[in-house]
Amino acid sequence: MPAVSNLSVRFRLSAAIAVLFGLIVLVSLIGMLVLARTELWMNVLHKDTLAEVSDALDLSRESADLATSAPFLHALFPPFQLEQEREKVLGNLDRLAALSAGDQELDLPVARLRFAIDDLTAALAPQAARQLELDAIDRDMVRLNQRLRRLAGDVALSLDEREVWSGLQQLTESAIGAGRANALIELGEFSRRYAKQRDALLPRLLPPHVETLAEIEQAKSRSENLFVLKHRNLAAQLDAENALFRIRQEASRVSTFAEAKVAQAEMRLSQARAETSSNLEFAKNAFLALTAASLLVAITSSLYVSRYVARNLQLIAAAMRRLAAGNHRTDLPRGPVSEDEIGQLYAAFHVFRESARKLERRTRQIGHQNALFSRVFRNIKDGVAIASANGWIEAENDNLRQLLRLHPAEEGARARVQDLIAQSRFSRRTSASEHGGFEEYADPAGNVLELRRSPLPNGEEVWLLSETTERKKVEHRLEEIRRVEALGKVSGEVAHDFGNILSSISGNLHLLEGADADKARHLHTRIRSALDLGVSLIERLLAFARKQHLEPQVTDIGMLVEGMADLLEIAVPSAVSMTFDVPTEPVLVKVDPGQLESAVLNLCVNAGQAIGGAGCIDVVVTGGDEATLSVRDNGSGMSPEVLRHATEPFYSNRDDGSGTGLGLSMVDGFVHQSGGRLTLSSRTEQPNRGTTVTLRFPALADEAAPAGNMSQPGCALVVDDDPAYLASASGSLERMGFFVIRAASFGEGRAQLQAQAQLDLVLSDLKLDNGASGWEILQLGHKLFPECRLVLMSTRETPRIPKALENAPRLEILTKPVAEARMQKLFMRS
């Protein structure tokens, strides 16, 4: 036994581990044999069953692709596009037929799908030509309608002639309604109305009227009668929808067949699982036997460990705990006299105790400092994080993730502040440059956070996250109170006006009870006037609320203003002169021309009333990237207070109280409902006294500018952290002739801006790396190169423009993805 006692603990435990290792090797061999048999079975299963499942899934996917792509045929009218999409759909059908070649159950659904696709294309093929013909008839009818409206309103003609002209105008309106009908019943109603109106007019026609009626009939029957053409158009749409229903039905049957195939494969997989379980049961029994042998070895080893190793380790551990608790006078009982590891631990304890006594004093000092910092770090209400120079969070308090509504951090997990924000439901509203040095974030529940970032001298950063939800709620409540006050004002004014109207109607109805025939006609006229006033008030309220019915169409606003020149000159006082500045090329926008005429007339009348005496009104139309229509007068102007309330409903600044206060609010509502915006500027002192009202509308894309209008390209900087968008935008600019400098990050973009001597174009994405904003790039570019063109790209709705760039003369905003043709029109036009 003395020889055994001199053996080291390491040797004794190594011998026990070697025995256990042998047993583990035996267990592994048994496991490998079982797994080899299982693998052989799984290979067979993969070859047969999984291949069948894959075919079934491919069949289901092709069926879904066919059902998804077929409806695109319904939306394509040009023949070449229809044919291209038909080839794609037939390609999907051919792949579907190839996958189902061995299944007779799918032969009938595939054949029905092919017939349905042929029926769909046959119904849609003539639609493009029909629609072109209908559009041509519509344009002719609109042109005739406008001419007949002017003739019907010509006071120089007799009343009978004007009534005939008005009847012809109604005839064109019936034809226009038929051309724009969306159902066969609606088409039939317009057809009957047209025939009835025409028959009623024939006995009253004079030679000029007969010629105009002939024009209407000629326009109605170009290559084919309007009503027949529209009937075929609507019938073809019904046929196409029937074919689409059949395609979806047969595709559903194919998908059902594929699901049945997958179910069969699942049954075979269940059988394989049962056999595998049997093999594993055998392996489990073998494992249990070998585990018993391993347990015997382990018990023997544990007795040695518990009697000698563990007992002495417990004594040492107890002494170490007392030492760790601050009892530096603790000691150990006499230990074993041996040279093994236990004896060495006894000697090391005494050395460690002496070192602990030396460190105690230093620990007290550091502990006091750490406790103070820890109390502040834990108890501050804001979320705090300390990040390294690489952005990784080195320390954070609990409030950081609580404010972001995230789960506590996992042990050992590393993250960046930007990553935590991305994981949360919060999204950034404003950047630091837009909001006084801090960023603002909000989640769908309405919670609002403010994020501040402070750099440290060693490159690290301190992030501070503050909860501002309650403050934002108070601000929102104050805004609601202001809106309620405005609504109360509108309700009071509307109630007052409608009270006057109802009082007028009630009084006249009372007088009507005992009035004779002549007096009754007069009272009826007064009642109709009151009703017309109420209808007018409702229309103006709808215009202010941006809910009025609009019929937008492509309109040349320059031509519209020129056509209104005579009317505008009559509408303003005779002492006021008018000038019109209209470009020779068309300025096209998509608006309701009647409402635009009413808006221009309203603005000119207001300008004439603001002048009061002799003066001038300038109407200016300009084109470009956006179409503008400006009405400028040299009247008395508006003070800043009046200008601030000018577009509010029922707000009037006229001294005589004659205004309704709905004029500018109606114009503002119409412009915003048409996708544009209204801007006001005014001065009450010389020079340049007066008011300018500008209507801005998005311009329609027209033909590419001629070569003579192209400006010489220059040097461009493109900043985007997405490599695909960076390459696409840079390539487009290089093909236009620009010398392009690329920057793949916010920091690289700033460095390139500061390194260049001259730049002609700065193009930046809105959302850059590490939470940076493209607005900051554009602000620096504007500061360094004031004449440089600035362009911002964004995949989402663009937030408000920062104050620093509101007056930038060459700022553009594009929505991703940006087509190269759009970039050519924007960047190369002089």
# chains A, B, ... in the order shown; residues from 1 in each chain; ligands from 1

$ select_by_dssp --residues "region 301-440 of chain A" --states "strand (DSSP E)" --output "PDB file with N, CA, C and O atoms, in the first residue's frame"
ATOM      1  N   GLY A 383     -31.899  54.993 -20.390  1.00  0.00           N
ATOM      2  CA  GLY A 383     -31.074  53.873 -20.815  1.00  0.00           C
ATOM      3  C   GLY A 383     -29.679  54.359 -21.175  1.00  0.00           C
ATOM      4  O   GLY A 383     -29.520  55.334 -21.907  1.00  0.00           O
ATOM      5  N   VAL A 384     -28.658  53.677 -20.645  1.00  0.00           N
ATOM      6  CA  VAL A 384     -27.267  54.085 -20.861  1.00  0.00           C
ATOM      7  C   VAL A 384     -26.500  52.897 -21.413  1.00  0.00           C
ATOM      8  O   VAL A 384     -26.665  51.760 -20.958  1.00  0.00           O
ATOM      9  N   ALA A 385     -25.655  53.158 -22.414  1.00  0.00           N
ATOM     10  CA  ALA A 385     -24.781  52.128 -22.976  1.00  0.00           C
ATOM     11  C   ALA A 385     -23.433  52.764 -23.292  1.00  0.00           C
ATOM     12  O   ALA A 385     -23.362  53.917 -23.723  1.00  0.00           O
ATOM     13  N   ILE A 386     -22.363  52.001 -23.033  1.00  0.00           N
ATOM     14  CA  ILE A 386     -21.007  52.426 -23.372  1.00  0.00           C
ATOM     15  C   ILE A 386     -20.517  51.495 -24.468  1.00  0.00           C
ATOM     16  O   ILE A 386     -20.485  50.272 -24.291  1.00  0.00           O
ATOM     17  N   ALA A 387     -20.169  52.072 -25.623  1.00  0.00           N
ATOM     18  CA  ALA A 387     -19.776  51.289 -26.793  1.00  0.00           C
ATOM     19  C   ALA A 387     -18.303  51.510 -27.086  1.00  0.00           C
ATOM     20  O   ALA A 387     -17.745  52.588 -26.849  1.00  0.00           O
ATOM     21  N   ILE A 393     -21.277  47.125 -27.751  1.00  0.00           N
ATOM     22  CA  ILE A 393     -21.656  47.576 -26.415  1.00  0.00           C
ATOM     23  C   ILE A 393     -20.780  46.865 -25.385  1.00  0.00           C
ATOM     24  O   ILE A 393     -20.761  45.637 -25.299  1.00  0.00           O
ATOM     25  N   GLU A 394     -20.050  47.665 -24.591  1.00  0.00           N
ATOM     26  CA  GLU A 394     -19.223  47.131 -23.530  1.00  0.00           C
ATOM     27  C   GLU A 394     -19.999  47.037 -22.204  1.00  0.00           C
ATOM     28  O   GLU A 394     -19.727  46.170 -21.386  1.00  0.00           O
ATOM     29  N   ALA A 395     -20.917  47.964 -21.977  1.00  0.00           N
ATOM     30  CA  ALA A 395     -21.713  47.952 -20.744  1.00  0.00           C
ATOM     31  C   ALA A 395     -23.041  48.638 -21.015  1.00  0.00           C
ATOM     32  O   ALA A 395     -23.113  49.568 -21.830  1.00  0.00           O
ATOM     33  N   GLU A 396     -24.081  48.166 -20.350  1.00  0.00           N
ATOM     34  CA  GLU A 396     -25.401  48.759 -20.498  1.00  0.00           C
ATOM     35  C   GLU A 396     -26.195  48.540 -19.217  1.00  0.00           C
ATOM     36  O   GLU A 396     -25.960  47.572 -18.491  1.00  0.00           O
ATOM     37  N   SER A 427     -38.684  52.930 -34.961  1.00  0.00           N
ATOM     38  CA  SER A 427     -38.086  53.401 -36.208  1.00  0.00           C
ATOM     39  C   SER A 427     -37.801  54.888 -36.083  1.00  0.00           C
ATOM     40  O   SER A 427     -38.499  55.614 -35.384  1.00  0.00           O
ATOM     41  N   ARG A 428     -36.760  55.325 -36.774  1.00  0.00           N
ATOM     42  CA  ARG A 428     -36.316  56.701 -36.618  1.00  0.00           C
ATOM     43  C   ARG A 428     -37.241  57.669 -37.330  1.00  0.00           C
ATOM     44  O   ARG A 428     -37.611  57.467 -38.476  1.00  0.00           O
ATOM     45  N   ARG A 429     -37.631  58.731 -36.611  1.00  0.00           N
ATOM     46  CA  ARG A 429     -38.425  59.808 -37.193  1.00  0.00           C
ATOM     47  C   ARG A 429     -37.540  60.917 -37.744  1.00  0.00           C
ATOM     48  O   ARG A 429     -37.741  61.395 -38.848  1.00  0.00           O
ATOM     49  N   THR A 430     -36.580  61.351 -36.932  1.00  0.00           N
ATOM     50  CA  THR A 430     -35.716  62.451 -37.333  1.00  0.00           C
ATOM     51  C   THR A 430     -34.287  62.120 -36.954  1.00  0.00           C
ATOM     52  O   THR A 430     -34.029  61.383 -36.004  1.00  0.00           O
ATOM     53  N   GLU A 439     -31.545  62.129 -31.966  1.00  0.00           N
ATOM     54  CA  GLU A 439     -32.436  61.415 -32.878  1.00  0.00           C
ATOM     55  C   GLU A 439     -33.713  61.021 -32.142  1.00  0.00           C
ATOM     56  O   GLU A 439     -33.692  60.757 -30.940  1.00  0.00           O
ATOM     57  N   GLU A 440     -34.800  60.985 -32.886  1.00  0.00           N
ATOM     58  CA  GLU A 440     -36.101  60.650 -32.300  1.00  0.00           C
ATOM     59  C   GLU A 440     -36.627  59.374 -32.937  1.00  0.00           C
ATOM     60  O   GLU A 440     -36.621  59.228 -34.158  1.00  0.00           O
TER      61      GLU A 440
END

$ residues_around --residues "region 196-200 of chain A" --least-positions-apart "5" --cutoff "12 Å" --atoms "only C-alpha atoms" --output "list of chain:residue names"
A:Glu163, A:Val164, A:Ser166, A:Gly167, A:Leu168, A:Gln169, A:Gln170, A:Leu171, A:Thr172, A:Glu173, A:Ser174, A:Ala175, A:Glu189, A:Phe190, A:Ser191, A:Leu205, A:His209, A:Val210, A:Leu213, A:Ala214, A:Ile216, A:Glu217

$ residues_around --residues "Leu26 (chain A)" --least-positions-apart "4" --cutoff "12 Å" --atoms "only C-alpha atoms" --output "ChimeraX atom specification"
/A:19-22,30-33,283,286-287,289-291,293-294

$ write_last_selection --atoms "C-alpha atoms" --output "PDB file, in the first residue's frame"
ATOM      1  CA  VAL A  19     -11.073   2.469 -18.288  1.00  0.00           C
ATOM      2  CA  LEU A  20     -14.028   4.743 -18.908  1.00  0.00           C
ATOM      3  CA  PHE A  21     -12.581   5.641 -22.313  1.00  0.00           C
ATOM      4  CA  GLY A  22     -12.430   1.989 -23.288  1.00  0.00           C
ATOM      5  CA  ILE A  30     -22.167  -0.237 -31.312  1.00  0.00           C
ATOM      6  CA  GLY A  31     -23.613   3.186 -32.107  1.00  0.00           C
ATOM      7  CA  MET A  32     -21.731   3.345 -35.427  1.00  0.00           C
ATOM      8  CA  LEU A  33     -23.122  -0.023 -36.495  1.00  0.00           C
ATOM      9  CA  ALA A 283     -28.754   0.142 -29.386  1.00  0.00           C
ATOM     10  CA  ALA A 286     -26.521  -2.211 -25.370  1.00  0.00           C
ATOM     11  CA  PHE A 287     -25.878   1.279 -24.076  1.00  0.00           C
ATOM     12  CA  ALA A 289     -25.316  -2.618 -20.229  1.00  0.00           C
ATOM     13  CA  LEU A 290     -22.163  -0.690 -20.952  1.00  0.00           C
ATOM     14  CA  THR A 291     -23.381   2.198 -18.828  1.00  0.00           C
ATOM     15  CA  ALA A 293     -20.029  -1.181 -16.321  1.00  0.00           C
ATOM     16  CA  SER A 294     -19.027   2.469 -16.578  1.00  0.00           C
TER      17      SER A 294
END

$ residues_around --residues "Gly153 (chain A)" --least-positions-apart "4" --cutoff "9 Å" --atoms "only C-alpha atoms" --output "number ranges by chain"
A: 148-149, 157, 162, 165-166

$ closest_residue --among "A:Leu23, A:Val667, A:His522, A:Gly676" --to "Val591 (chain A)" --atoms "only C-alpha atoms"
A:Gly676

$ residues_around --residues "Asp140 (chain A)" --least-positions-apart "5" --cutoff "12 Å" --atoms "only C-alpha atoms" --output "list of chain:residue names"
A:Glu133, A:Leu134, A:Asp135, A:Asn145, A:Gln146, A:Arg147, A:Thr172, A:Glu173, A:Ala175, A:Ile176, A:Gly179, A:Glu215, A:Ile216, A:Glu217, A:Gln218, A:Ala219, A:Lys220, A:Ser221, A:Arg222, A:Leu226

$ residues_around --residues "His350 (chain A)" --least-positions-apart "3" --cutoff "12 Å" --atoms "only C-alpha atoms" --output "PyMOL selection string"
chain A and resi 316+319-320+323+328-333+343-347+353-357

$ atom_distance --atom1 "CA of Asp760 (chain A)" --atom2 "CA of Pro713 (chain A)"
8.1 Å

$ select_by_dssp --residues "region 580-658 of chain A" --states "alpha helix (DSSP H)" --output "list in words"
Pro593, Gly594, Gln595, Leu596, Glu597, Ser598, Ala599, Val600, Leu601, Asn602, Leu603, Cys604, Val605, Asn606, Ala607, Gly608, Gln609, Ala610, Ile611, Pro640, Glu641, Val642, Leu643 and Arg644 of chain A

$ closest_residue --among "A:Gly558, A:Pro593, A:Gly326, A:Gly669" --to "Asp581 (chain A)" --atoms "only C-alpha atoms"
A:Gly558

$ atom_distance --atom1 "CA of Leu531 (chain A)" --atom2 "CA of Leu502 (chain A)"
8.8 Å

$ closest_residue --among "A:Asn807, A:Gln418, A:Gln758, A:Ser255" --to "Phe739 (chain A)" --atoms "only C-alpha atoms"
A:Gln758

$ closest_residue --among "A:Arg248, A:Asn225, A:Arg192, A:His524" --to "Arg130 (chain A)" --atoms "only C-alpha atoms"
A:Asn225

$ atom_distance --atom1 "CA of Asp382 (chain A)" --atom2 "CA of Glu470 (chain A)"
14.3 Å

$ decode --residues "region 384-399 of chain A" --atoms "N, CA and C atoms" --output "mmCIF file, in the first residue's frame"
data_model
loop_
_atom_site.group_PDB
_atom_site.id
_atom_site.type_symbol
_atom_site.label_atom_id
_atom_site.label_comp_id
_atom_site.auth_asym_id
_atom_site.auth_seq_id
_atom_site.Cartn_x
_atom_site.Cartn_y
_atom_site.Cartn_z
ATOM 1 N N VAL A 384 -28.658 53.677 -20.645
ATOM 2 C CA VAL A 384 -27.267 54.085 -20.861
ATOM 3 C C VAL A 384 -26.500 52.897 -21.413
ATOM 4 N N ALA A 385 -25.655 53.158 -22.414
ATOM 5 C CA ALA A 385 -24.781 52.128 -22.976
ATOM 6 C C ALA A 385 -23.433 52.764 -23.292
ATOM 7 N N ILE A 386 -22.363 52.001 -23.033
ATOM 8 C CA ILE A 386 -21.007 52.426 -23.372
ATOM 9 C C ILE A 386 -20.517 51.495 -24.468
ATOM 10 N N ALA A 387 -20.169 52.072 -25.623
ATOM 11 C CA ALA A 387 -19.776 51.289 -26.793
ATOM 12 C C ALA A 387 -18.303 51.510 -27.086
ATOM 13 N N SER A 388 -17.659 50.462 -27.610
ATOM 14 C CA SER A 388 -16.252 50.551 -27.987
ATOM 15 C C SER A 388 -16.109 51.356 -29.272
ATOM 16 N N ALA A 389 -14.846 51.539 -29.683
ATOM 17 C CA ALA A 389 -14.602 52.285 -30.911
ATOM 18 C C ALA A 389 -15.177 51.576 -32.123
ATOM 19 N N ASN A 390 -15.347 50.265 -32.055
ATOM 20 C CA ASN A 390 -15.934 49.496 -33.159
ATOM 21 C C ASN A 390 -17.449 49.445 -33.091
ATOM 22 N N GLY A 391 -18.048 50.054 -32.067
ATOM 23 C CA GLY A 391 -19.495 50.091 -31.966
ATOM 24 C C GLY A 391 -20.111 49.034 -31.081
ATOM 25 N N TRP A 392 -19.303 48.055 -30.567
ATOM 26 C CA TRP A 392 -19.868 46.995 -29.725
ATOM 27 C C TRP A 392 -20.152 47.535 -28.328
ATOM 28 N N ILE A 393 -21.277 47.125 -27.751
ATOM 29 C CA ILE A 393 -21.656 47.576 -26.415
ATOM 30 C C ILE A 393 -20.780 46.865 -25.385
ATOM 31 N N GLU A 394 -20.050 47.665 -24.591
ATOM 32 C CA GLU A 394 -19.223 47.131 -23.530
ATOM 33 C C GLU A 394 -19.999 47.037 -22.204
ATOM 34 N N ALA A 395 -20.917 47.964 -21.977
ATOM 35 C CA ALA A 395 -21.713 47.952 -20.744
ATOM 36 C C ALA A 395 -23.041 48.638 -21.015
ATOM 37 N N GLU A 396 -24.081 48.166 -20.350
ATOM 38 C CA GLU A 396 -25.401 48.759 -20.498
ATOM 39 C C GLU A 396 -26.195 48.540 -19.217
ATOM 40 N N ASN A 397 -27.128 49.457 -18.916
ATOM 41 C CA ASN A 397 -27.999 49.245 -17.770
ATOM 42 C C ASN A 397 -29.305 48.594 -18.207
ATOM 43 N N ASP A 398 -30.099 48.159 -17.233
ATOM 44 C CA ASP A 398 -31.334 47.425 -17.556
ATOM 45 C C ASP A 398 -32.333 48.292 -18.293
ATOM 46 N N ASN A 399 -32.331 49.596 -18.028
ATOM 47 C CA ASN A 399 -33.331 50.472 -18.646
ATOM 48 C C ASN A 399 -33.153 50.595 -20.153
#
